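**Student:** Here's a structure for you.
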Amino acid sequence: MTRIGRLKRRAEFLAAARANRKWVAPGLVLQARANDVAASDAISIRLGFTASRKVGNAVARNRARRRLKAAAAEVLRETVVTEVATDLVLIARPATAARDYAALKEDFRRGLRKLGVALPIQAAS
């Protein structure tokens with residue numbers, strides 16, 4: 001079972017950006033990086049969420065982050081992680097808050113596949 005943690009420090013977000021593994025979709029930008037969590041640690045994926053002022057005012061940024069969190073939680077429940085220790089940063093775009101929720105989940109799903117981080121449960125069997 002995949003354990004999910006959170007990225008909280010700025011240095012962790014910057015390290016994910018430096019890894020140069022990025023997928024850009026209309027609803028989000030996904031950055032991935034192999035993390036340095038010990039293999040014995042129970043956390044295998046760490047997620048970080050961010051939204052810049054380009055997204056809008058504080059209400060719009062918070063709404064976009066909440067939608068990203070919900071979409072990530074649903075998608076990760078139905079996927080098999082191929083990289084054991086991974087940091088993922090989801091960056092909101094101006095269209096994130098208004099984008100159809102199913103399309104937002106598909107953006108995240110496609111990004112995970114393109115970056116080689118996860119596979120759908122059906123494909124992994």
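Identifiers in this document derive from the order of the structure tokens: chains are assigned A, B, ..., residues are numbered from 1 separately in each chain, and ligands are numbered from 1 in order of occurrence.
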May I have the residues within 8 Å of Asp107 (chain A) as a PyMOL selection string, using only C-alpha atoms and disregarding those fewer than 4 positions away in the same chain?
**Tutor:** chain A and resi 25-28+103+111
**Student:** Could you write out the selected residues, including N, CA and C atoms, as a PDB file, in the first residue's frame?
**Tutor:**
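Result file part16.pdb:
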```pdb
ATOM      1  N   ALA A  25      -0.059  20.385 -18.228  1.00  0.00           N
ATOM      2  CA  ALA A  25      -1.395  20.099 -18.751  1.00  0.00           C
ATOM      3  C   ALA A  25      -2.247  21.359 -18.566  1.00  0.00           C
ATOM      4  N   PRO A  26      -3.402  21.417 -19.206  1.00  0.00           N
ATOM      5  CA  PRO A  26      -4.236  22.624 -19.064  1.00  0.00           C
ATOM      6  C   PRO A  26      -4.648  22.913 -17.617  1.00  0.00           C
ATOM      7  N   GLY A  27      -4.827  21.874 -16.806  1.00  0.00           N
ATOM      8  CA  GLY A  27      -5.304  22.080 -15.441  1.00  0.00           C
ATOM      9  C   GLY A  27      -4.233  22.154 -14.384  1.00  0.00           C
ATOM     10  N   LEU A  28      -3.017  21.708 -14.693  1.00  0.00           N
ATOM     11  CA  LEU A  28      -1.983  21.677 -13.668  1.00  0.00           C
ATOM     12  C   LEU A  28      -0.608  21.491 -14.292  1.00  0.00           C
ATOM     13  N   ALA A 103     -11.704  16.134 -15.950  1.00  0.00           N
ATOM     14  CA  ALA A 103     -10.568  16.499 -16.804  1.00  0.00           C
ATOM     15  C   ALA A 103      -9.332  16.781 -15.956  1.00  0.00           C
ATOM     16  N   GLY A 111      -0.192  12.793 -16.388  1.00  0.00           N
ATOM     17  CA  GLY A 111       1.126  13.239 -15.941  1.00  0.00           C
ATOM     18  C   GLY A 111       1.894  12.159 -15.209  1.00  0.00           C
TER      19      GLY A 111
END
```
**Student:** Find the spatial neighbours of Ser52 (chain A), counting only C-alpha atoms, within a cut-off of 8 Å - ignore same-chain residues fewer than 3 positions away - and output them as an NGL selection string.
**Tutor:** :A and (55-56 or 61 or 92)
**Student:** May I have the residues within 7 Å of region 5-14 of chain A as a PyMOL selection string, using only C-alpha atoms and disregarding those fewer than 3 positions away in the same chain?
**Tutor:** chain A and resi 17-18+43+45-48+89
**Student:** Taking only C-alpha atoms into account, which of A:Ala72, A:Val80, A:Ala34, A:Ala95 comes nearest Ala60 (chain A)?
**Tutor:**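 Of A:Ala72, A:Val80, A:Ala34, A:Ala95, the one nearest Ala60 (chain A), counting only C-alpha atoms, is A:Ala95.
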**Student:** Please measure the separation of CA of Val29 (chain A) and CA of Ser44 (chain A), giving the value in Å to one decimal.
**Tutor:**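 Those two atoms sit 20.8 Å apart.
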**Student:** Write out as a PyMOL selection string all residues of chain A that backbone DSSP assigns to helix (DSSP H, G or I).
**Tutor:** chain A and resi 10-18+53-55+58-77+101-114+121-124
**Student:** To one decimal place, how far is CA of Asn35 (chain A) from CA of Leu104 (chain A) in Å?
**Tutor:**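 Spanning CA of Asn35 (chain A) to CA of Leu104 (chain A) is a straight-line distance of 24.9 Å.
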**Student:** If DSSP is run on the backbone, what residues of region 14-125 of chain A are strand (DSSP E or B)? A reply as a list in words would be ideal.
**Tutor:**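 Taking region 14-125 of chain A and keeping strand (DSSP E or B) only, one gets Lys22, Trp23, Val24, Leu28, Val29, Leu30, Gln31, Ala32, Arg33, Ala34, Ile45, Arg46, Leu47, Gly48, Phe49, Thr50, Thr79, Val80, Val81, Thr86, Asp87, Leu88, Val89, Leu90, Ile91, Ala92, Ala118, Leu119 and Pro120 of chain A.
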**Student:** Could you give me, as a PyMOL selection string, the residues within 9 Å of Asn20 (chain A), counting only C-alpha atoms and dropping anything in the same chain fewer than 4 positions from it?
**Tutor:** chain A and resi 16+31-33
**Student:** For Glu106 (chain A), work out the shell of residues within 10 Å, counting only C-alpha atoms and skipping chain neighbours fewer than 4 positions away, then give it as a list in words.
**Tutor:**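 After dropping sequence-adjacent residues, the list is Ala25, Gly27, Ala71, Val75, Asp100, Tyr101, Ala102, Arg110, Gly111 and Leu112 of chain A.
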**Student:** I'd like the neighbourhood of Arg65 (chain A) as an MDAnalysis selection string, where a residue qualifies if any of its atoms comes within 9 Å (using only C-alpha atoms), though same-chain residues fewer than 4 positions away should be ignored.
**Tutor:** chainID A and resid 49:51 60:61 69:70 90:92 96:97
**Student:** State, in Å with one decimal place, the distance from CA of Ala118 (chain A) to CA of Thr79 (chain A).
**Tutor:** 6.2 Å
**Student:** Which residue gives the smallest distance to Phe108 (chain A) among A:Leu68, A:Arg21, A:Ala85, A:Arg53, with only C-alpha atoms counted?
**Tutor:**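 When distances to Phe108 (chain A) are compared using only C-alpha atoms, the smallest one comes from A:Leu68.
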